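Novice: Following this message is one structure expressed as structure tokens.
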Amino acid sequence: MNTAAIKNPSWFKKIGLTLLLLTHVFAFSLVTSNADAHDATKIPRLANGKPDFSGIWQTTSAADYDLEPHSNRKDAPPGPGIVEGGEIPYLPKALEQRKKNFENRATDDPALKGFTLGVPRGIYYPEPFQIFQRARDLNIVHQFGHSVRTIHTNNTEHPEDPNDWWLGDSRGKWEGDTLVVDVKHFNDKTWLDRSGNFHSDALQVVERWKFLDPNTIEYKATLTDAQVFSKPWNISVILHRHREKNFQLIEDYRYTLDYDQYYPPKPDQK
Amino acid sequence: MSSKTIVGALAVLGVVAGALPANAHHAFSAEFDAAKPVTVKGVVTKFELVNPHSWLYLDVTGPDGKVTNWGFEFGAPFSLKEKGVTKKTLAVGTEITISGYKSKSGQNYGYAVESTFADGRTVKTGGAQDAPTVQPATN
Amino acid sequence: MDSNLGKRQHAFSNLMLSALMSASLVSVAADENTTSPAQEKKPAAKPVETAPPAQTRRPREKSFPTIASGEWTGPKLSDGQPDVSGFWSNTIGNHGNLTDPQGGVIGEARRTPLGPRDQRAPSRVSDPADGQFPFQPWALAKVKEFQVGFHNPTYPGHVEPNARCAPGGVPKSLYWHGYDILQYPGYVVFVFDNGSRIIHLDESKPHLPEKLKLWNGDSRGHWEGNTLVVDVSNHNGKALFGRSGEFISENATIKEKYIFANDRSRYNYVGTFTDPTVYTRPFTITIPAIKYTRAEETDGWNLEARWAKHAGKTQILEHDERICHENNGGFGIGSAQR
């Protein structure tokens with residue numbers, strides 16, 4: 001029949017178009033999911049959508065030698081430092097202490113005693129740290145000293161009755177995909193680098209953690225300390241994800257090295 | 001038997017609820033000298049609430065008017081807070097008398113057995129189980 | 001108030017009973033709390049803040065239930081792990097004495113004599129059945145030397161490493177202060193007051209090279225139902241086992257099972273240690289642990305936590321940082337370094 005013959009082509013057309021559409025949709029979804037799998041720009045996220053910083057990180061910056069601009073020394077390469085604006089704004093009396101620290105850095109650097117590195121030095125110290133992240137907090141395990149810092153991301157506040165903590169008390173909030181952390185309630189026993197830059201127990205650090213890409217974090221910090229600095233100052237370093245196969249932290253305790261040869265007992269030992 | 005009687009009985013037996021070594025961080029005899037009791041009175045210059053042992057620093061004025069700074073080891077922040085010893089109660093400038101034992105190093109450091117505040121309140125601030133329990137003689 | 005008094009009477013009479021039977025007085029509380037009752041006898045002392053009431057402190061256990069390895073019926077994390085994260089602590093006592101954990105430190109003067117052995121918790125050693133470490137003769141001799149030297153150390157190796165803030169190692173960390181268990185995809189992390197252990201759940205990752213010896217070793221594990229099965233290598237043995245001086249060498253291998261009850265209130269650690277350079281045969285250490293969920297139970301030892309400060313209604317338990325830096329460096333005088 002002519003009607004049937006006429007109807008057939010349009011029916012076929014509809015089916016054909018539908019099939020074509022479906023094929024495109026299917027192909028597109030394949031492409032998209034493949035693209036997701038290979039999309040180098042998609043940062044990892046927790047189930048709650050927040051950026052997931054879990055992983056092992058380390059900076060290539062030379063900041064730990066000296067945060068400020070400096071020529072080379074026998075114990076350090078030259079560097080422009082990482083202090084925004086150039087130099088740390090020390091109060092006059094504190095500057096005297098800083099100079100003393102610098103002169104005695106070969107003996108007085110607390111890191112030489114294996115003491116925990118403190119905040120923010122642990123972030124730019126040339127040893128890896130591992131971030132373990134859940135919805136409620138980040139736990140940073142530093143290879144050096146195996147120190148653990150907890151950044152609470154559960155809308156809790158600094159405690160009413162703080163101690164004088166080595167790593168302060170860290171409370172984090174999300175601003176979009178940036179983790180903003182307020183750290184305070186420190187003791188004064190850590191240095192900010194090897195050259196003797198230091199702080200008091202009034203130190204407050206505000207950190208900003210942000211992915212630049214899935215394997216790179218931009219870390220910024222603002223340091224305030226009314227007993228040492230005349231005004232707040234900023235630093236920034238880039239952190240890179242360790243991607244070597246089977247890379248892991250290896251606990252690094254320095255302070256046990258002076259006596260650990262005496263343990264455990266050995267048959268031939270006195 | 002009332003709880004007070006039980007407590008009294010325990011004390012008489014020398015057995016006190018939950019006594020002795022929980023905190024094993026310490027080696028009192030490695031650092032401090034039980035044969036060298038010391039008591040100083042001064043003004044707080046710094047109080048560090050640090051685990052496992054806090055430290056208190058105070059300016060002590062000698063009979064000659066000379067001021068020396070002494071450092072004393074206190075117990076853990078948790079146990080100090082239980083006794084009402086906080087950063088506020090030991091703020092800079094607070095008058096305090098500390099009795100304890102001198103450091104073996106010979107420097108102006110000591111282990112604080114007991115601290116007495118200006119209002120007469122006395123608190124056991126020491127944190128080492130292996131420290132002597134007998135009150136040191138005041139000098 | 002009455003019910004508090006009644007509870008206190010009950011708690012005190014329990015304590016008196018156990019105190020009379022075992023004068024070792026292994027504590028759940030920091031030492032200062034013990035002096036509060038004694039201070040009541042001194043007329044001169046003004047009242048000071050007293051310790052939290054005894055009923056919030058869990059008494060030490062003298063026995064503990066076996067937990068069978070088997071299916072996990074409790075809540076799971078998104079990656080399938082049983083959810084056992086939280087604050088945990090052992091129930092029996094500290095590291096004072098391994099074979100008689102509530103029997104006091106060996107060589108320490110007693111105020112009251114020890115009662116019958118079966119009135120106290122069993123040896124940490126669950127195999128061999130006699131609860132003794134199967135030492136080779138040379139090692140036993142070293143242990144006895146430590147038990148003497150510990151009280152007044154002149155040899156550096158007789159200072160118990162905890163006094164130097166050294167990491168607790170395996171298994172001492174589990175009967176030291178309370179600790180955190182944290183879980184993440186691919187990891188179980190233990191955070192102790194001295195040290196941490198990262199258990200890698202990817203067992204295809206090889207252990208570290210043999211030459212690397214660590215205080216807390218290198219761990220690989222996996223879950224079998226309610227049991228976390230862990231293989232520990234690269235352990236340096238330096239932490240020793242406690243004040244009774246027992247130890248393993250750096251040649252030891254350790255196989256661990258953390259067997260969790262399905263209600264998540266308890267778990268038993270069962271660790272088998274093999275060290276042919278120190279022992280005549282492998283031995284097993286069993287450590288019971290319970291979970292802490294309330295800040296009121298903070299006692300400065302099993303739990304040192306607070307309720308978090310926040311605007312919300314739920315109570316959130318959080319722990320202070322766990323870092324100890326004292327008496328570091330060479331043998332002896334920490335205060336001299338100040």
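FYI, nothing fancy with the structure tokens labels: chains A, B, ... in order, residues from 1 per chain, ligands from 1 as they appear.
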Which residues of chain B are close to chain A, meaning at most 7 Å apart when you count only C-alpha atoms, and how do they look as a PyMOL selection string?
Specialist: chain B and resi 48-50
Novice: Just the strand (DSSP E or B) stuff from segment 3-219 of chain A, please, per backbone DSSP, written as a ChimeraX atom specification.
Specialist: /A:45,51,55-59,70,73,76,79,83,90,129-133,137-142,144,148-152,156-157,165,169-175,178-184,186,191,198,204-213,216-219
Novice: Measuring between only C-alpha atoms, which one of B:Lys104, B:Lys46, B:Lys81, B:His53 shows the shortest distance to Asp33 of chain B?
Specialist: B:Lys104
Novice: Using only C-alpha atoms, I'd like a table of the residues in chain A that come within 6 Å of chain C; for each, show the closest atom pair and its distance in Å rounded to one decimal, ordered by chain and ascending number, as JSON lines.
Specialist:
```
{"residue": "A:Thr156", "atom": "CA", "partner": "C:His310", "partner_atom": "CA", "distance": 4.6}
{"residue": "A:Glu157", "atom": "CA", "partner": "C:Lys309", "partner_atom": "CA", "distance": 5.3}
{"residue": "A:Pro159", "atom": "CA", "partner": "C:Lys309", "partner_atom": "CA", "distance": 5.9}
{"residue": "A:Asn246", "atom": "CA", "partner": "C:Lys205", "partner_atom": "CA", "distance": 5.8}
{"residue": "A:Tyr255", "atom": "CA", "partner": "C:Gly329", "partner_atom": "CA", "distance": 5.6}
{"residue": "A:Asp258", "atom": "CA", "partner": "C:Gly330", "partner_atom": "CA", "distance": 5.1}
{"residue": "A:Tyr259", "atom": "CA", "partner": "C:Gly330", "partner_atom": "CA", "distance": 5.8}
{"residue": "A:Tyr262", "atom": "CA", "partner": "C:Gly157", "partner_atom": "CA", "distance": 4.8}
{"residue": "A:Tyr263", "atom": "CA", "partner": "C:Lys238", "partner_atom": "CA", "distance": 4.7}
{"residue": "A:Pro264", "atom": "CA", "partner": "C:Lys238", "partner_atom": "CA", "distance": 4.8}
```
Novice: So, counting only C-alpha atoms, which residue among B:Asn69, B:Thr86, B:Thr122, B:Asn108 is closest to chain C?
Specialist: B:Thr122
Novice: What's around segment 129-135 of chain A at 10 Å? Count only C-alpha atoms, leave out sequence neighbours fewer than 4 positions away in its own chain, and write the answer as a PyMOL selection string.
Specialist: (chain A and resi 46-59+122-125+139-144+146-154+241-242+248-250) or (chain C and resi 182-185+187+189)
Novice: Can those selected residues be exported to a file as a PDB file, in the first residue's frame so that it contains C-alpha atoms?
Specialist:
```pdb
ATOM      1  CA  LEU A  46      35.415  13.156  49.953  1.00  0.00           C
ATOM      2  CA  ALA A  47      31.904  11.744  49.826  1.00  0.00           C
ATOM      3  CA  ASN A  48      30.671  15.061  51.231  1.00  0.00           C
ATOM      4  CA  GLY A  49      32.093  16.897  48.218  1.00  0.00           C
ATOM      5  CA  LYS A  50      34.969  18.595  50.030  1.00  0.00           C
ATOM      6  CA  PRO A  51      38.416  18.445  48.457  1.00  0.00           C
ATOM      7  CA  ASP A  52      40.300  15.408  49.733  1.00  0.00           C
ATOM      8  CA  PHE A  53      43.913  16.222  50.532  1.00  0.00           C
ATOM      9  CA  SER A  54      44.719  12.654  51.553  1.00  0.00           C
ATOM     10  CA  GLY A  55      48.109  11.530  50.358  1.00  0.00           C
ATOM     11  CA  ILE A  56      51.792  12.014  50.930  1.00  0.00           C
ATOM     12  CA  TRP A  57      53.094  15.514  50.272  1.00  0.00           C
ATOM     13  CA  GLN A  58      56.367  17.372  50.239  1.00  0.00           C
ATOM     14  CA  THR A  59      57.645  20.716  49.062  1.00  0.00           C
ATOM     15  CA  GLY A 122      56.547  20.974  59.429  1.00  0.00           C
ATOM     16  CA  ILE A 123      54.864  21.860  56.148  1.00  0.00           C
ATOM     17  CA  TYR A 124      57.968  23.106  54.338  1.00  0.00           C
ATOM     18  CA  TYR A 125      60.569  20.937  56.090  1.00  0.00           C
ATOM     19  CA  ASN A 139      45.353  14.167  60.562  1.00  0.00           C
ATOM     20  CA  ILE A 140      48.783  15.129  59.349  1.00  0.00           C
ATOM     21  CA  VAL A 141      51.524  12.625  60.178  1.00  0.00           C
ATOM     22  CA  HIS A 142      54.983  14.092  59.693  1.00  0.00           C
ATOM     23  CA  GLN A 143      57.724  11.628  58.859  1.00  0.00           C
ATOM     24  CA  PHE A 144      60.112  13.723  60.996  1.00  0.00           C
ATOM     25  CA  HIS A 146      56.185  11.032  63.477  1.00  0.00           C
ATOM     26  CA  SER A 147      54.346  14.020  64.931  1.00  0.00           C
ATOM     27  CA  VAL A 148      50.606  14.063  64.378  1.00  0.00           C
ATOM     28  CA  ARG A 149      48.598  17.285  63.977  1.00  0.00           C
ATOM     29  CA  THR A 150      44.817  17.161  63.908  1.00  0.00           C
ATOM     30  CA  ILE A 151      42.945  19.824  61.959  1.00  0.00           C
ATOM     31  CA  HIS A 152      39.337  19.686  63.113  1.00  0.00           C
ATOM     32  CA  THR A 153      36.883  20.353  60.282  1.00  0.00           C
ATOM     33  CA  ASN A 154      33.713  19.653  62.253  1.00  0.00           C
ATOM     34  CA  ARG A 241      52.146  14.647  45.856  1.00  0.00           C
ATOM     35  CA  HIS A 242      54.547  11.733  46.149  1.00  0.00           C
ATOM     36  CA  GLN A 248      55.410   5.453  52.228  1.00  0.00           C
ATOM     37  CA  LEU A 249      56.442   7.390  55.296  1.00  0.00           C
ATOM     38  CA  ILE A 250      59.297   5.920  57.305  1.00  0.00           C
TER      39      ILE A 250
ATOM     40  CA  LEU C 182      41.580   6.043  62.959  1.00  0.00           C
ATOM     41  CA  GLN C 183      40.484   4.458  59.720  1.00  0.00           C
ATOM     42  CA  TYR C 184      40.728   5.546  56.097  1.00  0.00           C
ATOM     43  CA  PRO C 185      40.484   3.788  52.744  1.00  0.00           C
ATOM     44  CA  TYR C 187      44.782   2.441  56.178  1.00  0.00           C
ATOM     45  CA  VAL C 189      46.189   4.390  61.922  1.00  0.00           C
TER      46      VAL C 189
END
```
Novice: Write out as an MDAnalysis selection string each polymer residue whose atoms come within 7 Å of Gly100 of chain B, counting only C-alpha atoms; drop sequence neighbours fewer than 3 positions from it.
Specialist: chainID B and resid 37:39 110:114 136
Novice: Now that the selection is made, can you save its residues with C-alpha atoms as a PDB file, in the first residue's frame?
Specialist:
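To be explicit, this is the file written out as selection_18.pdb:
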```pdb
ATOM      1  CA  PRO B  37      65.230  19.696  99.339  1.00  0.00           C
ATOM      2  CA  VAL B  38      64.589  23.300  98.428  1.00  0.00           C
ATOM      3  CA  THR B  39      61.927  25.921  99.022  1.00  0.00           C
ATOM      4  CA  GLY B 110      63.902  21.752  90.697  1.00  0.00           C
ATOM      5  CA  TYR B 111      61.039  19.347  91.005  1.00  0.00           C
ATOM      6  CA  ALA B 112      58.010  20.905  92.661  1.00  0.00           C
ATOM      7  CA  VAL B 113      56.379  18.658  95.243  1.00  0.00           C
ATOM      8  CA  GLU B 114      54.016  21.271  96.554  1.00  0.00           C
ATOM      9  CA  PRO B 136      60.837  18.166 102.187  1.00  0.00           C
TER      10      PRO B 136
END
```
Novice: Excluding Val44 of chain B and its own-chain neighbours fewer than 4 positions away, which residues fall within 10 Å of it when counting only C-alpha atoms? Please give them as a PyMOL selection string.
Specialist: chain B and resi 56-60+69-71+90-97
Novice: Looking at only C-alpha atoms, which of C:Phe135, C:Trp176, C:Trp88, C:Phe273 is the one that sits closest to chain B?
Specialist: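 Using only C-alpha atoms, chain B sits closest to C:Trp176.
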